[in-house]
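Report on the structure given below.
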Amino acid sequence: MTVIRLASTHAAITAPLVASSTMFPGVRIGRSLLDGRAFHLSPVLTDTAILPSTNSLALGGLGSGKSSTAKARIRREILHHAHQAVVIDSFGEDNAGEWGPLVRSLGGRIVKAGAFTLNPCSELLPPEVREQLIRSLILAVEPAALTPQSTHALQHALNHPKTASLNGLVDALVRPDDGRWPAARLTEWGEGAAIALSRYTEGSLRGLFDGHDAVLPDTDLPILSFDFTGLDRNSPAIPSLMAAVACWAEHVWLPQSTAVHRHLVLEEAWQILLSPATAELIQRLLKNSRKAALSLDVLMHTLSDLGDGRAQDLARLCEIAHVGRLGPEEAAAVGALLGLPQWAVDTIPALGPGQAVWKVGPNYVDVVQTLLSEDETTLTDTSARRRKAQQAGQDGEGPTEPDAAADDDQGGDPPAPVERDTDGNDGDDEDWETSPTVIDARHRSVLQAAAEGRFSEAADLAAIGERDDINAYGIASDQAALWLVTRAQVAELAGDREQATRLRATVTSMGKEIEWYEQTTASTAPAWHQAPEPEPDPPVPAPGDTSGRRRRTWPYVAIIAVLALATAGVWHTAGQDQRTQAQQQKAAAYKGFAAADVQIDGVTTETSAKWSKDGRSVIISAWVAPEEGAGLVRVDAGGQVAKEETDPDASGIPMPIILEVSVPVDDRQQAVEARFTVTGPDAKPGSQAPHRTVRFHPDGTAVDAQSGDRLTYKKSRLLPE
Amino acid sequence: MYSLTPGYRIPALQRGLSPVETLLTKVNAGIGGAVLMSAVLTPPPAWTFGAVGAAAVLLNVAPGPRSIARWAAVGYRRLLERTAPTAPFTRPGATATWGLYPQHGTMQDPQRRAAFHAAFSQALAFTAGQARAAGIQVHVTHHAITGDHTAHTQTISVHVPKGLVGQPARILGTLEAEFARLGVLTPVDPAPVPAVAERGPGWVSLEDGRYAATARVTAWPDETDGDLMPKLLLGDGNAADTSFAVLYRPLPAAQSRRSAKWQSAAAEAFTTDRVKQAAHEIASGTTQGALVQGATLVDIDAYLTVWGDSPDAVTDARWHASLTADRYRLRLDWLTGQQHRAHVMTTPHGASTRKGAIL
């Protein structure tokens with residue numbers, strides 16, 4: 001066959017139709033990992049039939065690159081399409097929002113929470129906005145305080161002329177004028193609201209909303225960042241501030257801004273969405289987004305923080321979702337919620353930094369690697385400090401740490417991952433911060449956990465890390481030893497000195513010199529955990545390495561010697577073989593009987609030699625038929641003689657002459673000679689009787705001893721039966 | 001492994017005689033016959049035998065490995081191969097080319113991929129059924145330009161040879177509708193093939209400055225999950241621009257049944273290895289099942305071109321393509337002496353080539 005002929009069902013898989021042509025308009029995001037094509041997306045430029053809403057949801061563990069992607073997207077939208085963005089930035093290092101560099105580079109403004117005060121009763125705000133805002137503020141601190149009565153009291157107080165600031169409003173609530181209802185009842189009704197608002201005027205949230213004049217941010221800035229990083233994660237101020245921002249966005253920013261499209265970015269949105277008061281605001285914004293030419297870009301770690309109902313709402317309202325690396329269980333949950341196909345869910349746990357599964361609209365699913373330019377890389381670098389530590393530390397350890405942190409998050413301890421970055425100033429952390437380059441991130445997290453008293457968690461983390469390193473480097477590697485050292489340290493922190501001593505003894509017995517306490521105190525020492533020197537590299541023979549060559553010669557010598565021995569052996573055995581073969585041939589030819597017909601003096605004599613079974617003797621026989629008329633027949637062999645003479649005149653039945661002589665022999669292979677003397681019927685008596693000597697060989701041949709001719713016999717009566 | 005027997009190339013046997021060759025055979029027979037007959041009537045003069053003998057010596061004397069006649073034949077062939085005639089690629093008939101892109105994610109989702117392949121198989125069977133005799137050809141190309149991103153160009157072409165059917169345009173229209181079910185189908189007008197500027201060892205350079213090296217796929221892997229093509233063409237190992245094309249020649253139902261019958265009969269008759277026999281049995285059982293289900297037999301002929309912007313780059317790309325092919329159990333034949341026209345096979349212009357145009 002010179003053609004490849006297949007059934008069409010089988011031939012179809014050879015069709016090189018592998019890539020699609022689906023494209024979205026807009027800014028470039030990156031490169032599809034499915035087929036290598038460029039991935040572009042500006043939701044607002046996309047056909048409404050494909051994307052009814054333009055809100056997006058970004059999920060992913062720490063270090064998955066979700067916020068870098070979001071920043072790059074916003075930057076490109078602002079630069080290429082003159083969009084506007086407002087960012088609620090609640091995540092960053094060194095008490096500075098991580099969007100800071102980007103906002104500054106775009107000529108935007110950062111509004112730092114705690115560094116400004118807002119007057120919710122300002123004349124700058126329209127009356128309905130004022131009321132809405134104050135209601136949100138009350139809801140943020142006391143969700144139960146708003147009853148129909150208290151709402152009326154509030155409404156009444158807001159109309160009071162003294163109400164120019166929050167303090168004035170509280171006064172007006174506490175000492176109301178008579179209105180439709182008497183002042184006493186209004187006082188009673190307004191009590192709850194006044195108590196709630198007093199948190200802002202006298203309580204813990206003082207300084208945020210009790211200013212006297214409101215300076216509202218410009219609405220025509222390309223980007224505006226509300227920086228909440230100065231606040232505590234669980235601060236009650238966050239819902240209040242969010243309420244204020246949402247109100248401002250909805251009532252001031254959106255109506256006034258002239259940009260073609262606006263983005264509201266919620267970084268680490270779970271803390272905003274978890275609070276019922278703010279969640280409602282956000283949900284309203286989401287629902288109105290299309291009308292208001294607004295896209296909400298929600299960034300969060302995972303949806304599981306939100307609980308089922310709200311997460312589903314959010315997933316439904318966000319038509320665009322990109323999911324960075326998550327653990328397998330979370331990936332499955334997110335996949336179910338977003339309706340991702342199984343192959344996409346399977347890729348989520350294995351995604352690298354900057355890679356994400358994108359879902360655009362109901363059907364389009366892609367795996368995209370975000371591509372950042374040089375500028376963008378520097379502007380969006382959120383983990384500069386960690387990267388520095390990792391660079392000085394070891395490569396390839398990066399991905400594991402965020403995972404560990406992600407698991408923390410899962411375990412109902414949301415602030416944990418950030419605590420490490422933002423408030424890493426407690427006493428314990430100090431040690432680790434002073435020598436960040438020395439300690440592997442995983443060891444660090446283990447020790448930190450132990451230092452904070454979470455010993456079981458530390459033990460678990462250490463066990464995981466140790467297992468990974470043993471798998472990666474081997475049981476006797478430096479890495480494995482390091483984990484023993486770390487475990488010893490943990491045991492010491494837990495007060496188990498015996499265990500610590502045992503572990504250290506194990507390290508010593510492994511022949512490792514590294515000692516944890518020495519190394520950590522001497523911070524000048526070279527980063528010992530850099531030891532992961534990629535393990536025993538296969539030794540590359542240097543060019544001209546003679547020792548290697550010398551080592552190479554002995555196999556050749558050995559091979560030659562072996563070959564020589566083998567040849568000699570073969571030779572030898574061949575000689576032996578030949579000899580034994582000859583013997584065997586002889587033995588095979590041994591018949592133990594030979595016969596010959598000889599003509600002597602005109603008389604045919606049948607002669608034979610028969611070797612005995614034991615090979616010790618040979619019987620030589622001669623047989624002469626009676627009609628031959630032989631006179632004398634004599635056999636001489638081996639000194640033995642047998643002889644018979646016939647009387648020619650004798651009458652009676654003529655009998656044949658049979659003579660037998662037994663001759664002893666040494667070897668059964670030996671030939672035997674015999675002389676046969678016969679006289680014919682016409683022989684003259686007295687004359688010399690003629691004779692012939694025959695040599696019998698045990699292989700059945702008989703030779704005339706004088707002439708050397710081979711003698712034959714036709715048939716022999718002497719043949720053994 | 002579905003393979004062409006490597007190193008077993010007898011062009012004349014494989015493709016039959018061309019019309020010119022047939023004519024020459026007949027003329028030769030006629031003249032020879034006439035000469036013999038006349039020799040019977042009138043014995044020729046004695047020197048004729050000397051002349052014939054001299055001619056025979058000339059034909060059979062061999063300076064080096066070949067006879068003089070063979071030297072002449074090879075020399076003529078080399079001369080012929082210097083030129084790149086357009087005739088093989090412009091056979092008369094109706095040809096149409098479309099760009100074809102499946103829906104996004106089809107190749108990644110096992111179920112959707114299987115469905116796509118089933119639809120493509122049906123399209124091939126449908127194509128085969130459009131004419132009584134074999135001859136309609138479907139040519140699918142994929143061209144990837146790599147760089148920061150990869151740009152994919154995919155085409156599907158149909159060629160209906162002249163004289164096969166009365167209204168080829170009707171078949172083209174029918175098949176367009178059939179292929180439109182596979183994905184996004186848009187008519188395209190393929191760019192003309194750039195002329196060959198230079199020939200090197202194992203590559204050619206084209207007018208537009210690109211260097212090409214083309215191989216024929218002579219063996220396909222036995223078993224795949226259907227993801228051979230996505231892995232091969234979308235794998236991250238493709239550093240160089242690559243073109244891949246498959247030419248499908250579907251056989252009409254009756255012919256494919258006959259072919260399957262003979263194939264299995266030959267396999268039974270001439271295979272003595274029991275294991276091989278059993279393997280054949282399974283394969284022909286599968287084929288039989290597919291035919292019963294409405295599939296048809298298809299002759300496939302696939303080519304791979306790697307591109308570079310310098311001789312070194314294209315040689316390097318060729319090496320990497322060999323490695324990749326090994327990994328995916330494809331066997332490549334780098335078409336020595338055919339490079340100057342083989343690259344056309346990976347463009348839509350290869351749609352009309354007859355079997356054995358490139359060997």
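Residue names in the structure tokens use chain letters A, B, ... in the order shown, residue numbers from 1 in each chain, and ligand numbers from 1 in the order shown.
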List every residue of chain A that has an atom at most 6 Å from any atom of chain B, giving for each one its closest atom pair and the distance in Å to one decimal, counting only C-alpha atoms, sorted by chain and then by ascending residue number, as a Markdown table.
| residue | atom | partner | partner_atom | distance |
| --- | --- | --- | --- | --- |
| A:Thr2 | CA | B:Leu4 | CA | 5.2 |
| A:Ile4 | CA | B:Asp299 | CA | 5.5 |
| A:Arg5 | CA | B:Asp299 | CA | 4.3 |
| A:Leu6 | CA | B:Val298 | CA | 5.4 |
| A:Ala7 | CA | B:Leu297 | CA | 4.3 |
| A:Ser8 | CA | B:Ser121 | CA | 5.0 |
| A:Thr9 | CA | B:Ser121 | CA | 5.0 |
| A:Ala12 | CA | B:Ser121 | CA | 5.2 |
| A:Ile13 | CA | B:Gly226 | CA | 5.4 |
| A:Pro16 | CA | B:Met229 | CA | 5.8 |
| A:Val18 | CA | B:Pro230 | CA | 5.6 |
| A:Ser20 | CA | B:Tyr101 | CA | 4.7 |
| A:Ser21 | CA | B:Tyr101 | CA | 5.8 |
| A:Asp35 | CA | B:Leu234 | CA | 5.3 |
| A:Gly36 | CA | B:Thr150 | CA | 4.8 |
| A:Arg37 | CA | B:Thr150 | CA | 4.9 |
| A:Ala38 | CA | B:His149 | CA | 5.5 |
Generate a file of the selected residues that holds C-alpha atoms, formatted as a JSON list (two decimals), in the first residue's frame.
[["chain", "number", "residue", "atom", "x", "y", "z"],
["A", 2, "THR", "CA", 1.37, 3.28, -0.88],
["A", 4, "ILE", "CA", -2.78, 5.69, 3.88],
["A", 5, "ARG", "CA", -6.41, 4.68, 3.64],
["A", 6, "LEU", "CA", -8.50, 5.06, 6.76],
["A", 7, "ALA", "CA", -12.14, 5.07, 7.63],
["A", 8, "SER", "CA", -13.39, 8.64, 7.67],
["A", 9, "THR", "CA", -14.15, 8.38, 11.38],
["A", 12, "ALA", "CA", -11.25, 12.98, 10.88],
["A", 13, "ILE", "CA", -8.92, 13.29, 13.83],
["A", 16, "PRO", "CA", -5.70, 20.33, 11.44],
["A", 18, "VAL", "CA", -7.64, 23.38, 15.88],
["A", 20, "SER", "CA", -11.02, 29.30, 16.63],
["A", 21, "SER", "CA", -11.41, 32.80, 15.30],
["A", 35, "ASP", "CA", -4.06, 28.25, 21.11],
["A", 36, "GLY", "CA", -1.54, 31.05, 21.56],
["A", 37, "ARG", "CA", -3.78, 33.71, 20.06],
["A", 38, "ALA", "CA", -3.91, 37.24, 21.40]]
